Amino acid sequence: MTDRDPFAEGERAARDNIPAEANPYSNGSDEHALWAAGHERIAGAVEARQSEGS
């Protein structure tokens, strides 16, 4: 059995330009929240870099 890391999966999804709406975990679950937090961490950093360039 492999341990999945929803936070790391969310980060990876953001790096791959997968939208936050594609969160594979059940809404309201701890995994859903962790995935969303990981996604936001990366997506927020990308957006900040893009806004600095304009």
# chains A, B, ... in the order shown; residues from 1 in each chain; ligands from 1
>>> residues_around(residues="Phe7 of chain A", least_positions_apart="4", cutoff="10 Å", atoms="only C-alpha atoms", output="list in words")
Glu11, Arg12, Ala13, Glu31, His32, Ala33, Leu34, Trp35, Ala36, Ala37, Gly38, His39, Glu40 and Arg41 of chain A
>>> write_last_selection(atoms="N, CA and C atoms", output="compact mmCIF listing (two decimals), in the first residue's frame")
# COMPACT_ATOMS: atom_id res chain seq x y z
N GLU A 11 0.02 20.29 -5.29
CA GLU A 11 1.13 21.09 -5.82
C GLU A 11 1.48 20.65 -7.24
N ARG A 12 1.57 19.35 -7.44
CA ARG A 12 1.91 18.81 -8.75
C ARG A 12 0.85 19.19 -9.78
N ALA A 13 -0.40 19.12 -9.40
CA ALA A 13 -1.49 19.47 -10.31
C ALA A 13 -1.38 20.93 -10.74
N GLU A 31 -8.52 15.20 2.90
CA GLU A 31 -7.69 15.09 1.71
C GLU A 31 -8.03 16.18 0.70
N HIS A 32 -9.32 16.49 0.57
CA HIS A 32 -9.74 17.56 -0.35
C HIS A 32 -9.11 18.89 0.08
N ALA A 33 -9.15 19.17 1.37
CA ALA A 33 -8.59 20.42 1.88
C ALA A 33 -7.08 20.46 1.68
N LEU A 34 -6.39 19.35 1.91
CA LEU A 34 -4.94 19.31 1.73
C LEU A 34 -4.57 19.49 0.26
N TRP A 35 -5.29 18.82 -0.63
CA TRP A 35 -5.03 18.95 -2.05
C TRP A 35 -5.21 20.41 -2.49
N ALA A 36 -6.31 21.02 -2.02
CA ALA A 36 -6.60 22.41 -2.37
C ALA A 36 -5.52 23.35 -1.83
N ALA A 37 -5.03 23.09 -0.63
CA ALA A 37 -3.98 23.93 -0.05
C ALA A 37 -2.69 23.80 -0.85
N GLY A 38 -2.34 22.60 -1.24
CA GLY A 38 -1.14 22.41 -2.06
C GLY A 38 -1.28 23.09 -3.41
N HIS A 39 -2.45 22.98 -4.01
CA HIS A 39 -2.70 23.60 -5.31
C HIS A 39 -2.59 25.12 -5.18
N GLU A 40 -3.20 25.68 -4.15
CA GLU A 40 -3.20 27.13 -3.95
C GLU A 40 -1.78 27.65 -3.69
N ARG A 41 -0.99 26.88 -2.96
CA ARG A 41 0.39 27.30 -2.67
C ARG A 41 1.16 27.54 -3.96
>>> atom_distance(atom1="atom CA of Gly10 of chain A", atom2="atom CA of Tyr25 of chain A")
10.5 Å
>>> atom_distance(atom1="atom CA of Arg4 of chain A", atom2="atom CA of Glu47 of chain A")
26.6 Å
>>> atom_distance(atom1="atom CA of Ala43 of chain A", atom2="atom CA of Pro24 of chain A")
17.0 Å
>>> decode(residues="chain A", atoms="C-alpha atoms", output="PDB file, in the first residue's frame")
ATOM      1  CA  MET A   1       0.000   0.000   0.000  1.00  0.00           C
ATOM      2  CA  THR A   2       1.390   3.398  -0.940  1.00  0.00           C
ATOM      3  CA  ASP A   3       0.754   6.459   1.156  1.00  0.00           C
ATOM      4  CA  ARG A   4      -0.651   9.263  -0.950  1.00  0.00           C
ATOM      5  CA  ASP A   5       0.163  12.859  -0.094  1.00  0.00           C
ATOM      6  CA  PRO A   6      -2.799  15.017  -1.151  1.00  0.00           C
ATOM      7  CA  PHE A   7      -0.860  18.241  -0.503  1.00  0.00           C
ATOM      8  CA  ALA A   8       1.972  17.172  -2.829  1.00  0.00           C
ATOM      9  CA  GLU A   9      -0.565  15.960  -5.395  1.00  0.00           C
ATOM     10  CA  GLY A  10      -2.234  19.383  -5.346  1.00  0.00           C
ATOM     11  CA  GLU A  11       1.125  21.092  -5.823  1.00  0.00           C
ATOM     12  CA  ARG A  12       1.914  18.808  -8.754  1.00  0.00           C
ATOM     13  CA  ALA A  13      -1.489  19.471 -10.312  1.00  0.00           C
ATOM     14  CA  ALA A  14      -0.939  23.239 -10.132  1.00  0.00           C
ATOM     15  CA  ARG A  15       2.493  22.873 -11.757  1.00  0.00           C
ATOM     16  CA  ASP A  16       0.843  20.866 -14.537  1.00  0.00           C
ATOM     17  CA  ASN A  17      -1.800  23.600 -15.020  1.00  0.00           C
ATOM     18  CA  ILE A  18      -4.601  21.338 -13.803  1.00  0.00           C
ATOM     19  CA  PRO A  19      -7.449  23.513 -12.478  1.00  0.00           C
ATOM     20  CA  ALA A  20      -8.411  23.466  -8.809  1.00  0.00           C
ATOM     21  CA  GLU A  21     -11.844  22.161  -9.808  1.00  0.00           C
ATOM     22  CA  ALA A  22     -10.173  18.866 -10.753  1.00  0.00           C
ATOM     23  CA  ASN A  23      -9.564  18.018  -7.082  1.00  0.00           C
ATOM     24  CA  PRO A  24     -10.083  14.229  -7.014  1.00  0.00           C
ATOM     25  CA  TYR A  25     -11.022  13.995  -3.331  1.00  0.00           C
ATOM     26  CA  SER A  26     -14.514  14.193  -1.816  1.00  0.00           C
ATOM     27  CA  ASN A  27     -15.545  17.747  -1.005  1.00  0.00           C
ATOM     28  CA  GLY A  28     -15.358  18.306   2.745  1.00  0.00           C
ATOM     29  CA  SER A  29     -12.730  15.620   3.354  1.00  0.00           C
ATOM     30  CA  ASP A  30      -9.332  16.292   4.908  1.00  0.00           C
ATOM     31  CA  GLU A  31      -7.693  15.085   1.706  1.00  0.00           C
ATOM     32  CA  HIS A  32      -9.738  17.558  -0.348  1.00  0.00           C
ATOM     33  CA  ALA A  33      -8.586  20.418   1.882  1.00  0.00           C
ATOM     34  CA  LEU A  34      -4.941  19.306   1.731  1.00  0.00           C
ATOM     35  CA  TRP A  35      -5.029  18.953  -2.053  1.00  0.00           C
ATOM     36  CA  ALA A  36      -6.599  22.409  -2.369  1.00  0.00           C
ATOM     37  CA  ALA A  37      -3.982  23.926  -0.052  1.00  0.00           C
ATOM     38  CA  GLY A  38      -1.144  22.409  -2.061  1.00  0.00           C
ATOM     39  CA  HIS A  39      -2.699  23.604  -5.307  1.00  0.00           C
ATOM     40  CA  GLU A  40      -3.196  27.126  -3.948  1.00  0.00           C
ATOM     41  CA  ARG A  41       0.387  27.300  -2.666  1.00  0.00           C
ATOM     42  CA  ILE A  42       1.779  26.736  -6.152  1.00  0.00           C
ATOM     43  CA  ALA A  43      -0.950  28.529  -8.117  1.00  0.00           C
ATOM     44  CA  GLY A  44      -0.661  31.586  -5.865  1.00  0.00           C
ATOM     45  CA  ALA A  45       3.106  31.733  -6.358  1.00  0.00           C
ATOM     46  CA  VAL A  46       2.709  31.431 -10.131  1.00  0.00           C
ATOM     47  CA  GLU A  47       0.113  34.220 -10.192  1.00  0.00           C
ATOM     48  CA  ALA A  48       2.352  36.455  -8.082  1.00  0.00           C
ATOM     49  CA  ARG A  49       5.278  35.970 -10.455  1.00  0.00           C
ATOM     50  CA  GLN A  50       3.071  36.692 -13.457  1.00  0.00           C
ATOM     51  CA  SER A  51       1.716  39.917 -11.937  1.00  0.00           C
ATOM     52  CA  GLU A  52       5.244  41.111 -11.137  1.00  0.00           C
ATOM     53  CA  GLY A  53       6.111  40.762 -14.823  1.00  0.00           C
ATOM     54  CA  SER A  54       3.288  43.013 -16.039  1.00  0.00           C
TER      55      SER A  54
END
